[in-house]
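Source file: query-v8.cif. Holds: mmCIF, C-alpha atoms.
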```cif
data_model
loop_
_atom_site.group_PDB
_atom_site.id
_atom_site.type_symbol
_atom_site.label_atom_id
_atom_site.label_comp_id
_atom_site.auth_asym_id
_atom_site.auth_seq_id
_atom_site.Cartn_x
_atom_site.Cartn_y
_atom_site.Cartn_z
ATOM 1 C CA MET A 1020 104.214 279.233 28.175
ATOM 2 C CA SER A 1021 105.656 275.747 28.447
ATOM 3 C CA ASN A 1022 105.811 273.529 25.364
ATOM 4 C CA THR A 1023 105.812 270.416 27.520
ATOM 5 C CA ILE A 1024 102.900 268.040 27.101
ATOM 6 C CA ALA A 1025 101.992 265.050 29.219
ATOM 7 C CA ILE A 1026 101.665 261.780 27.319
ATOM 8 C CA ARG A 1027 100.370 258.777 29.188
ATOM 9 C CA CYS A 1028 103.065 256.132 29.161
ATOM 10 C CA ARG A 1029 102.549 252.461 28.581
ATOM 11 C CA PRO A 1030 104.374 249.905 30.717
ATOM 12 C CA ASN A 1031 108.073 249.971 29.895
ATOM 13 C CA ILE A 1032 110.871 247.508 29.249
ATOM 14 C CA ILE A 1033 114.412 248.668 30.066
ATOM 15 C CA LEU A 1034 117.372 247.301 28.090
ATOM 16 C CA PHE A 1035 120.694 248.080 29.812
ATOM 17 C CA GLY A 1036 123.936 247.006 28.191
ATOM 18 C CA ASP A 1037 126.880 247.771 25.939
ATOM 19 C CA SER A 1038 127.056 248.185 22.148
ATOM 20 C CA ILE A 1039 125.168 244.946 21.543
ATOM 21 C CA THR A 1040 122.243 246.687 23.220
ATOM 22 C CA GLN A 1041 122.935 250.140 21.744
ATOM 23 C CA LEU A 1042 122.877 248.698 18.227
ATOM 24 C CA ALA A 1043 119.833 246.538 18.923
ATOM 25 C CA PHE A 1044 117.444 248.762 16.956
ATOM 26 C CA GLY A 1045 119.550 248.177 13.836
ATOM 27 C CA ALA A 1046 122.902 249.445 12.600
ATOM 28 C CA ASP A 1047 124.822 249.906 9.358
ATOM 29 C CA ASP A 1048 123.149 247.713 6.757
ATOM 30 C CA GLN A 1049 120.816 246.062 9.281
ATOM 31 C CA ASN A 1050 117.298 247.454 9.313
ATOM 32 C CA TYR A 1051 116.389 245.847 12.608
ATOM 33 C CA GLY A 1052 117.854 244.278 15.724
ATOM 34 C CA TRP A 1053 116.687 242.311 18.729
ATOM 35 C CA ALA A 1054 115.373 245.455 20.458
ATOM 36 C CA SER A 1055 113.331 246.607 17.459
ATOM 37 C CA LEU A 1056 111.917 243.085 17.122
ATOM 38 C CA LEU A 1057 111.024 243.259 20.822
ATOM 39 C CA ALA A 1058 109.406 246.676 20.359
ATOM 40 C CA SER A 1059 107.396 245.307 17.455
ATOM 41 C CA ALA A 1060 106.218 242.352 19.544
ATOM 42 C CA TYR A 1061 105.070 244.755 22.276
ATOM 43 C CA THR A 1062 103.357 247.242 19.938
ATOM 44 C CA ARG A 1063 100.408 248.869 21.763
ATOM 45 C CA ARG A 1064 101.449 247.021 24.904
ATOM 46 C CA ALA A 1065 104.738 248.485 26.195
ATOM 47 C CA ASP A 1066 107.484 250.994 25.397
ATOM 48 C CA VAL A 1067 110.999 249.599 24.948
ATOM 49 C CA LEU A 1068 113.650 251.903 26.434
ATOM 50 C CA ASN A 1069 117.121 251.282 25.006
ATOM 51 C CA ARG A 1070 119.891 252.205 27.419
ATOM 52 C CA GLY A 1071 122.836 250.711 25.560
ATOM 53 C CA PHE A 1072 126.318 252.266 25.812
ATOM 54 C CA SER A 1073 128.884 251.281 23.204
ATOM 55 C CA GLY A 1074 132.251 250.241 24.589
ATOM 56 C CA TYR A 1075 131.107 250.085 28.206
ATOM 57 C CA ASN A 1076 132.268 247.405 30.600
ATOM 58 C CA THR A 1077 130.785 246.699 34.031
ATOM 59 C CA ARG A 1078 132.926 249.395 35.668
ATOM 60 C CA HIS A 1079 131.411 251.985 33.355
ATOM 61 C CA ALA A 1080 127.959 250.450 33.907
ATOM 62 C CA LEU A 1081 128.259 250.910 37.673
ATOM 63 C CA ASP A 1082 129.219 254.549 37.118
ATOM 64 C CA ILE A 1083 126.257 255.386 34.893
ATOM 65 C CA ALA A 1084 123.589 253.124 36.386
ATOM 66 C CA PRO A 1085 122.536 255.547 39.144
ATOM 67 C CA ALA A 1086 121.644 258.158 36.517
ATOM 68 C CA ILE A 1087 119.536 255.599 34.636
ATOM 69 C CA PHE A 1088 117.779 253.809 37.470
ATOM 70 C CA ASP A 1089 117.413 256.596 40.030
ATOM 71 C CA LYS A 1090 113.710 256.411 40.865
ATOM 72 C CA LYS A 1091 113.181 260.103 40.188
ATOM 73 C CA HIS A 1092 114.080 259.430 36.543
ATOM 74 C CA ILE A 1093 111.997 256.269 36.128
ATOM 75 C CA PRO A 1094 108.566 256.811 34.520
ATOM 76 C CA GLN A 1095 106.659 255.223 37.423
ATOM 77 C CA THR A 1096 107.392 258.164 39.703
ATOM 78 C CA ASN A 1097 106.289 260.739 37.147
ATOM 79 C CA THR A 1098 102.608 261.512 37.754
ATOM 80 C CA ALA A 1099 102.112 262.201 34.055
ATOM 81 C CA CYS A 1100 103.663 258.853 33.214
ATOM 82 C CA ASN A 1101 102.395 256.438 35.822
ATOM 83 C CA SER A 1102 103.396 253.086 34.335
ATOM 84 C CA ASN A 1103 105.205 249.975 35.474
ATOM 85 C CA THR A 1104 108.450 248.413 34.329
ATOM 86 C CA LEU A 1105 107.623 244.953 32.977
ATOM 87 C CA PHE A 1106 111.197 243.682 33.069
ATOM 88 C CA CYS A 1107 114.799 244.794 32.634
ATOM 89 C CA THR A 1108 117.584 243.145 30.641
ATOM 90 C CA VAL A 1109 121.226 243.453 31.695
ATOM 91 C CA TRP A 1110 123.799 242.544 29.040
ATOM 92 C CA PHE A 1111 127.459 243.286 29.787
ATOM 93 C CA GLY A 1112 130.631 241.272 29.401
ATOM 94 C CA ALA A 1113 131.702 241.480 25.768
ATOM 95 C CA ASN A 1114 134.078 244.321 26.678
ATOM 96 C CA ASP A 1115 135.030 243.056 30.136
ATOM 97 C CA ALA A 1116 136.215 239.863 28.402
ATOM 98 C CA ALA A 1117 138.764 241.700 26.235
ATOM 99 C CA VAL A 1118 142.201 240.136 26.550
ATOM 100 C CA PRO A 1119 144.143 241.346 29.612
ATOM 101 C CA GLY A 1120 147.242 243.454 29.372
ATOM 102 C CA ASN A 1121 147.096 246.919 27.905
ATOM 103 C CA HIS A 1122 143.537 246.693 26.608
ATOM 104 C CA ARG A 1123 141.589 249.454 28.337
ATOM 105 C CA GLN A 1124 138.235 247.675 28.419
ATOM 106 C CA HIS A 1125 139.367 244.493 30.163
ATOM 107 C CA VAL A 1126 137.928 243.734 33.603
ATOM 108 C CA PRO A 1127 139.285 240.711 35.507
ATOM 109 C CA LEU A 1128 136.887 237.796 35.837
ATOM 110 C CA GLU A 1129 136.449 238.023 39.605
ATOM 111 C CA GLU A 1130 135.772 241.756 39.461
ATOM 112 C CA TYR A 1131 133.315 241.227 36.602
ATOM 113 C CA ARG A 1132 131.330 238.844 38.798
ATOM 114 C CA ARG A 1133 131.311 241.324 41.699
ATOM 115 C CA ASN A 1134 130.258 244.150 39.397
ATOM 116 C CA ILE A 1135 127.326 242.157 37.993
ATOM 117 C CA VAL A 1136 126.191 241.383 41.552
ATOM 118 C CA GLN A 1137 126.377 245.059 42.476
ATOM 119 C CA LEU A 1138 124.480 246.075 39.344
ATOM 120 C CA LEU A 1139 121.721 243.583 40.034
ATOM 121 C CA ARG A 1140 121.427 244.685 43.645
ATOM 122 C CA MET A 1141 121.190 248.338 42.680
ATOM 123 C CA ILE A 1142 118.747 247.812 39.799
ATOM 124 C CA ARG A 1143 116.466 245.612 41.898
ATOM 125 C CA GLN A 1144 116.415 248.139 44.720
ATOM 126 C CA GLU A 1145 115.656 251.120 42.497
ATOM 127 C CA LEU A 1146 113.055 249.398 40.325
ATOM 128 C CA SER A 1147 111.317 247.889 43.351
ATOM 129 C CA SER A 1148 111.222 251.289 45.034
ATOM 130 C CA ALA A 1149 109.792 252.917 41.915
ATOM 131 C CA THR A 1150 107.191 250.173 41.491
ATOM 132 C CA THR A 1151 106.117 250.535 45.117
ATOM 133 C CA THR A 1152 105.660 254.257 44.520
ATOM 134 C CA ALA A 1153 103.554 253.656 41.417
ATOM 135 C CA THR A 1154 101.246 250.938 42.692
ATOM 136 C CA THR A 1155 99.739 249.674 45.897
ATOM 137 C CA SER A 1156 99.517 246.133 44.514
ATOM 138 C CA THR A 1157 100.937 243.461 46.799
ATOM 139 C CA ASP A 1158 100.899 240.538 44.382
ATOM 140 C CA ASP A 1159 104.068 238.709 43.352
ATOM 141 C CA ASN A 1160 104.081 240.389 39.949
ATOM 142 C CA ALA A 1161 105.009 243.695 41.626
ATOM 143 C CA VAL A 1162 108.656 242.489 41.699
ATOM 144 C CA VAL A 1163 110.329 243.616 38.484
ATOM 145 C CA PRO A 1164 112.003 240.628 36.763
ATOM 146 C CA ILE A 1165 115.611 241.046 35.646
ATOM 147 C CA ILE A 1166 116.971 239.017 32.729
ATOM 148 C CA VAL A 1167 120.773 238.753 32.554
ATOM 149 C CA LEU A 1168 122.314 237.787 29.216
ATOM 150 C CA THR A 1169 125.693 236.117 28.886
ATOM 151 C CA PRO A 1170 128.294 237.492 26.451
ATOM 152 C CA PRO A 1171 127.757 236.001 22.979
ATOM 153 C CA PRO A 1172 130.424 234.022 21.095
ATOM 154 C CA VAL A 1173 133.353 235.781 19.447
ATOM 155 C CA HIS A 1174 134.867 234.964 16.061
ATOM 156 C CA ALA A 1175 138.375 236.200 16.759
ATOM 157 C CA GLN A 1176 139.723 236.271 13.200
ATOM 158 C CA SER A 1177 136.741 238.232 11.885
ATOM 159 C CA TRP A 1178 137.080 240.760 14.710
ATOM 160 C CA LEU A 1179 140.816 241.129 14.066
ATOM 161 C CA ASP A 1180 140.161 241.702 10.359
ATOM 162 C CA TYR A 1181 137.464 244.259 11.196
ATOM 163 C CA CYS A 1182 139.764 246.157 13.562
ATOM 164 C CA LYS A 1183 142.631 246.224 11.058
ATOM 165 C CA THR A 1184 140.310 247.621 8.386
ATOM 166 C CA ASN A 1185 138.497 250.174 10.529
ATOM 167 C CA PHE A 1186 141.165 251.076 13.110
ATOM 168 C CA PRO A 1187 144.455 250.749 11.202
ATOM 169 C CA ASP A 1188 146.463 253.011 13.524
ATOM 170 C CA GLU A 1189 145.494 251.052 16.618
ATOM 171 C CA SER A 1190 145.845 247.676 14.882
ATOM 172 C CA ASP A 1191 149.164 248.263 13.129
ATOM 173 C CA GLY A 1192 151.399 245.274 13.822
ATOM 174 C CA VAL A 1193 148.756 243.456 15.846
ATOM 175 C CA GLN A 1194 148.771 239.741 15.073
ATOM 176 C CA SER A 1195 146.028 238.450 17.361
ATOM 177 C CA SER A 1196 142.514 239.548 18.271
ATOM 178 C CA ASN A 1197 141.802 241.437 21.482
ATOM 179 C CA ARG A 1198 138.696 239.246 21.872
ATOM 180 C CA THR A 1199 138.543 235.451 22.023
ATOM 181 C CA ASN A 1200 135.722 232.949 22.064
ATOM 182 C CA GLU A 1201 137.197 231.143 25.056
ATOM 183 C CA SER A 1202 137.211 234.344 27.103
ATOM 184 C CA ALA A 1203 133.586 235.031 26.175
ATOM 185 C CA ARG A 1204 132.710 231.507 27.301
ATOM 186 C CA MET A 1205 134.481 231.981 30.661
ATOM 187 C CA TYR A 1206 132.724 235.270 31.398
ATOM 188 C CA GLY A 1207 129.392 233.780 30.400
ATOM 189 C CA ALA A 1208 129.997 230.844 32.731
ATOM 190 C CA GLN A 1209 130.366 233.318 35.582
ATOM 191 C CA VAL A 1210 126.947 234.780 34.775
ATOM 192 C CA LEU A 1211 125.334 231.342 34.648
ATOM 193 C CA ASP A 1212 126.913 230.341 37.956
ATOM 194 C CA LEU A 1213 126.035 233.632 39.607
ATOM 195 C CA VAL A 1214 122.375 233.571 38.611
ATOM 196 C CA GLU A 1215 122.068 229.952 39.725
ATOM 197 C CA GLU A 1216 123.554 230.843 43.098
ATOM 198 C CA LEU A 1217 121.353 233.879 43.596
ATOM 199 C CA THR A 1218 118.119 232.200 42.587
ATOM 200 C CA ARG A 1219 118.945 229.192 44.755
ATOM 201 C CA SER A 1220 119.694 231.384 47.756
ATOM 202 C CA SER A 1221 116.496 233.413 47.306
ATOM 203 C CA SER A 1222 114.464 230.467 48.594
ATOM 204 C CA SER A 1223 116.767 229.603 51.489
ATOM 205 C CA SER A 1224 118.044 231.253 54.611
ATOM 206 C CA SER A 1225 121.717 230.746 53.753
ATOM 207 C CA SER A 1226 123.951 233.756 53.347
ATOM 208 C CA SER A 1227 124.797 234.871 49.830
ATOM 209 C CA GLU A 1228 126.192 237.781 47.851
ATOM 210 C CA ILE A 1229 122.554 238.901 47.594
ATOM 211 C CA SER A 1230 120.306 237.471 50.312
ATOM 212 C CA THR A 1231 117.130 237.563 48.217
ATOM 213 C CA MET A 1232 116.959 237.676 44.435
ATOM 214 C CA SER A 1233 113.697 236.283 43.157
ATOM 215 C CA ASP A 1234 112.543 236.893 39.591
ATOM 216 C CA LEU A 1235 116.089 236.720 38.238
ATOM 217 C CA TYR A 1236 116.585 234.907 34.948
ATOM 218 C CA VAL A 1237 119.423 234.224 32.531
ATOM 219 C CA LEU A 1238 119.571 233.903 28.754
ATOM 220 C CA ASP A 1239 122.684 232.014 27.681
ATOM 221 C CA THR A 1240 123.410 233.699 24.354
ATOM 222 C CA PHE A 1241 126.765 231.923 24.095
ATOM 223 C CA ALA A 1242 124.975 228.574 23.892
ATOM 224 C CA LEU A 1243 122.063 230.007 21.935
ATOM 225 C CA LEU A 1244 124.463 231.162 19.205
ATOM 226 C CA SER A 1245 126.419 227.868 19.135
ATOM 227 C CA GLY A 1246 129.514 229.233 20.868
ATOM 228 C CA ASP A 1247 130.723 225.734 21.760
ATOM 229 C CA ALA A 1248 130.505 224.413 18.187
ATOM 230 C CA LYS A 1249 133.687 222.729 16.936
ATOM 231 C CA ASP A 1250 133.231 224.413 13.551
ATOM 232 C CA ASP A 1251 133.506 228.172 14.129
ATOM 233 C CA ALA A 1252 131.351 228.771 11.046
ATOM 234 C CA GLU A 1253 128.435 227.668 13.226
ATOM 235 C CA TYR A 1254 128.656 230.818 15.333
ATOM 236 C CA LYS A 1255 130.388 233.101 12.822
ATOM 237 C CA LYS A 1256 127.090 233.430 10.925
ATOM 238 C CA TYR A 1257 125.484 235.037 13.967
ATOM 239 C CA LEU A 1258 128.091 237.827 14.103
ATOM 240 C CA SER A 1259 128.416 240.810 11.781
ATOM 241 C CA ASP A 1260 132.075 241.581 12.524
ATOM 242 C CA GLY A 1261 133.142 238.805 14.854
ATOM 243 C CA LEU A 1262 131.878 240.590 17.978
ATOM 244 C CA HIS A 1263 128.496 242.213 17.289
ATOM 245 C CA LEU A 1264 125.338 240.465 16.146
ATOM 246 C CA SER A 1265 124.392 239.924 12.522
ATOM 247 C CA ALA A 1266 120.775 240.113 11.394
ATOM 248 C CA LEU A 1267 120.476 236.374 11.996
ATOM 249 C CA GLY A 1268 122.105 236.699 15.412
ATOM 250 C CA ASN A 1269 119.638 239.425 16.379
ATOM 251 C CA GLU A 1270 116.734 237.231 15.305
ATOM 252 C CA VAL A 1271 117.959 234.243 17.318
ATOM 253 C CA VAL A 1272 118.534 236.348 20.449
ATOM 254 C CA PHE A 1273 115.059 237.846 20.098
ATOM 255 C CA GLU A 1274 113.515 234.400 19.670
ATOM 256 C CA GLY A 1275 115.417 233.097 22.698
ATOM 257 C CA LEU A 1276 114.295 236.041 24.791
ATOM 258 C CA MET A 1277 110.660 235.604 23.746
ATOM 259 C CA LYS A 1278 110.815 231.881 24.558
ATOM 260 C CA LEU A 1279 112.120 232.681 28.045
ATOM 261 C CA ILE A 1280 109.419 235.312 28.590
ATOM 262 C CA ARG A 1281 106.567 233.100 27.400
ATOM 263 C CA THR A 1282 107.861 230.166 29.470
ATOM 264 C CA ASP A 1283 108.867 231.817 32.744
ATOM 265 C CA LEU A 1284 107.280 235.283 32.648
ATOM 266 C CA LYS A 1285 103.888 234.742 31.074
ATOM 267 C CA HIS A 1286 102.370 237.696 32.941
ATOM 268 C CA VAL A 1287 104.667 240.135 31.080
ATOM 269 C CA SER A 1288 104.459 238.428 27.686
ATOM 270 C CA PRO A 1289 102.948 240.294 24.694
ATOM 271 C CA ASP A 1290 99.961 237.976 24.678
ATOM 272 C CA ASP A 1291 96.258 238.567 25.223
ATOM 273 C CA ASP A 1292 95.885 235.355 27.213
ATOM 274 C CA GLY A 1293 97.365 236.243 30.598
ATOM 275 C CA GLY A 1294 99.966 238.696 29.305
ATOM 276 C CA VAL A 1295 100.128 242.459 28.759
ATOM 277 C CA PRO A 1296 96.894 243.647 27.113
ATOM 278 C CA LEU A 1297 96.679 245.825 24.039
ATOM 279 C CA GLU A 1298 96.014 249.496 24.669
ATOM 280 C CA GLY A 1299 92.688 250.698 23.266
ATOM 281 C CA ALA A 1300 89.798 248.874 21.704
ATOM 282 C CA LEU A 1301 90.210 247.183 18.329
ATOM 283 C CA TRP A 1302 88.983 249.417 15.515
ATOM 284 C CA ASP A 1303 86.278 247.025 14.354
ATOM 285 C CA THR A 1304 84.569 247.304 17.732
ATOM 286 C CA LEU A 1305 84.376 251.071 17.383
ATOM 287 C CA CYS A 1306 82.589 251.391 14.066
#
```
Translate this file's structure into structure tokens.
Amino acid sequence: MSNTIAIRCRPNIILFGDSITQLAFGADDQNYGWASLLASAYTRRADVLNRGFSGYNTRHALDIAPAIFDKKHIPQTNTACNSNTLFCTVWFGANDAAVPGNHRQHVPLEEYRRNIVQLLRMIRQELSSATTTATTSTDDNAVVPIIVLTPPPVHAQSWLDYCKTNFPDESDGVQSSNRTNESARMYGAQVLDLVEELTRSSSSSSSSEISTMSDLYVLDTFALLSGDAKDDAEYKKYLSDGLHLSALGNEVVFEGLMKLIRTDLKHVSPDDDGGVPLEGALWDTLC
């Protein structure tokens, strides 16, 4: 006798990224993160699926993405779990932007851009295929939106201090951080430029790295977290160790994401008025 039971799934939200996504339900002394805040906002409306992989760069993401987004693994194609993906976030770059040289996680800027393009192409294809399998709807909302997030700011001295304390063998004799704020800014600028190009080309007949890419959005977390501030204390407060988000940083990213959703993606917002409805009747209508 099988112990497997079929539970009807709600619509899902897929979060794909590195440690900033993996830790987004809370870590260490943080009781929450931007993903848990998102899950709370979508209570009784959607299931948030965290697919964050600590330490991964876009090379690693391309390797593992087929196992995550293969349509046979996505809930829509499971007859016991016939739900739709509301949107997907893609957040890589904090590791790609590690200083070049002997740092294993570094990915050159041009390759990073190509890898993001390839990830977006693959994710769009697989999610669109799965959605087509799950529904016969032909409206525009059948296209699964993808939200790309830029790498957040980096407080280099804090990250260096953290590494020396927690990884003394690897950091022995190291005088400078393997992450810099300027590098994070440069990699984020590539994301901003890329999304602008792809969304512009989606409404024209000109050739592009991706010929059609509608419903593609970007959240500039570098700007959101004051990465360009002259006083580094302005963005240091958003980081727990110089690289990952503090409680305040998680809150600001969540708020920025919700603002984007309610402004540009109202149909997938956690709102009764034109958004994703609550599952089940309210209790006071039942008794």
Step by step, work through what the PyMOL selection byres ((chain A and resi 1289-1302) around 7) selects in the shown file, and finish by giving those residues as a PDB file with C-alpha atoms, in the coordinates of the input.
```
ATOM      1  CA  ALA A1060     106.218 242.352  19.544  1.00  0.00           C
ATOM      2  CA  TYR A1061     105.070 244.755  22.276  1.00  0.00           C
ATOM      3  CA  ARG A1063     100.408 248.869  21.763  1.00  0.00           C
ATOM      4  CA  ARG A1064     101.449 247.021  24.904  1.00  0.00           C
ATOM      5  CA  LYS A1285     103.888 234.742  31.074  1.00  0.00           C
ATOM      6  CA  HIS A1286     102.370 237.696  32.941  1.00  0.00           C
ATOM      7  CA  VAL A1287     104.667 240.135  31.080  1.00  0.00           C
ATOM      8  CA  SER A1288     104.459 238.428  27.686  1.00  0.00           C
ATOM      9  CA  ASP A1303      86.278 247.025  14.354  1.00  0.00           C
ATOM     10  CA  THR A1304      84.569 247.304  17.732  1.00  0.00           C
ATOM     11  CA  LEU A1305      84.376 251.071  17.383  1.00  0.00           C
ATOM     12  CA  CYS A1306      82.589 251.391  14.066  1.00  0.00           C
TER      13      CYS A1306
END
```
Decode the PyMOL selection byres ((chain A and resi 1269) around 9) for the given file into explicit residues and return them as a VMD selection string.
chain A and resid 1043 1051 to 1054 1056 1257 to 1258 1264 to 1268 1270 to 1274
Preceding selection exported with C-alpha atoms as a CSV table (one decimal), in the coordinates of the input:
```csv
chain,number,residue,atom,x,y,z
A,1043,ALA,CA,119.8,246.5,18.9
A,1051,TYR,CA,116.4,245.8,12.6
A,1052,GLY,CA,117.9,244.3,15.7
A,1053,TRP,CA,116.7,242.3,18.7
A,1054,ALA,CA,115.4,245.5,20.5
A,1056,LEU,CA,111.9,243.1,17.1
A,1257,TYR,CA,125.5,235.0,14.0
A,1258,LEU,CA,128.1,237.8,14.1
A,1264,LEU,CA,125.3,240.5,16.1
A,1265,SER,CA,124.4,239.9,12.5
A,1266,ALA,CA,120.8,240.1,11.4
A,1267,LEU,CA,120.5,236.4,12.0
A,1268,GLY,CA,122.1,236.7,15.4
A,1270,GLU,CA,116.7,237.2,15.3
A,1271,VAL,CA,118.0,234.2,17.3
A,1272,VAL,CA,118.5,236.3,20.4
A,1273,PHE,CA,115.1,237.8,20.1
A,1274,GLU,CA,113.5,234.4,19.7
```
Report the distance between CA of Arg1078 (chain A) and CA of Val1173 (chain A) in Å, rounded to one decimal place.
21.2 Å
Using only C-alpha atoms, the residue out of A:Ile1083, A:Val1109, A:Val1210, A:Cys1182 with shortest distance to Glu1129 (chain A) is A:Val1210
Can you pull out every residue within 9 Å of Arg1132 (chain A), counting all atoms listed in the file, but drop anything in the same chain fewer than 2 positions away, and send it as a list of chain:residue names?
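That gives A:Pro1127, A:Leu1128, A:Glu1129, A:Glu1130, A:Asn1134, A:Ile1135, A:Val1136, A:Gln1137, A:Tyr1206, A:Gln1209, A:Val1210, A:Leu1213.
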Shortest contact to Ile1142 (chain A), candidates A:Gly1207, A:Ser1196, A:His1174, A:Phe1035, atoms counted all atoms listed in the file, goes to A:Phe1035
For the PyMOL selection byres ((chain A and resi 1262) around 9), applied here, can you spell out every residue it catches as a VMD selection string?
chain A and resid 1039 1113 1171 to 1175 1177 to 1178 1198 1258 to 1261 1263 to 1264
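Relative to CA of Trp1110 (chain A), CA of Thr1040 (chain A) is found at 7.3 Å.
Going from CA of Asn1197 (chain A) to CA of Asp1239 (chain A) covers 22.2 Å.
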Would you kindly return, as JSON, numbers by chain, each protein, DNA or RNA residue with an atom no farther than 7 Å from any atom of Pro1164 (chain A), considering only C-alpha atoms and excluding same-chain residues fewer than 2 positions away?
{"A": [1106, 1107, 1162, 1166, 1234, 1235]}
Would you be able to write out as a ChimeraX atom specification which residues have an atom within 9 Å of (135.4, 244.4, 30.3) in the file's coordinates, counting all atoms listed in the file?
/A:1074-1078,1111-1118,1123-1128,1131
Of the candidates A:Ser1233, A:Asn1069, A:Pro1170, A:Asn1185, which shows the shortest atom-to-atom distance to Arg1140 (chain A), using only C-alpha atoms?
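Distance minimum relative to Arg1140 (chain A) lands on A:Ser1233.
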Let me have the centre and edge lengths in Å, one decimal, of the box along x, y and z around every listed atom of region 1174-1193 of chain A with 3 Å of margin on each side, as AutoDock Vina command-line options.
```
--center_x 143.1 --center_y 244.0 --center_z 12.6 --size_x 22.5 --size_y 24.0 --size_z 14.4
```
Looking at A:Asn1031, A:Thr1282, A:Ser1195, A:Gln1041, which one is nearest to Ala1058 (chain A), with distances taken over all atoms listed in the file?
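Going through A:Asn1031, A:Thr1282, A:Ser1195, A:Gln1041 one by one, the smallest distance to Ala1058 (chain A) is for A:Asn1031.
Closest approach to Leu1179 (chain A) from the set A:Leu1042, A:Val1193, A:Lys1256, A:Asp1212 is made by A:Val1193, with distances taken over all atoms listed in the file.
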Smallest atom-to-atom distance to Leu1217 (chain A): which of A:Val1163, A:Leu1276, A:Leu1139, A:Ile1033, using all atoms listed in the file?
A:Leu1139
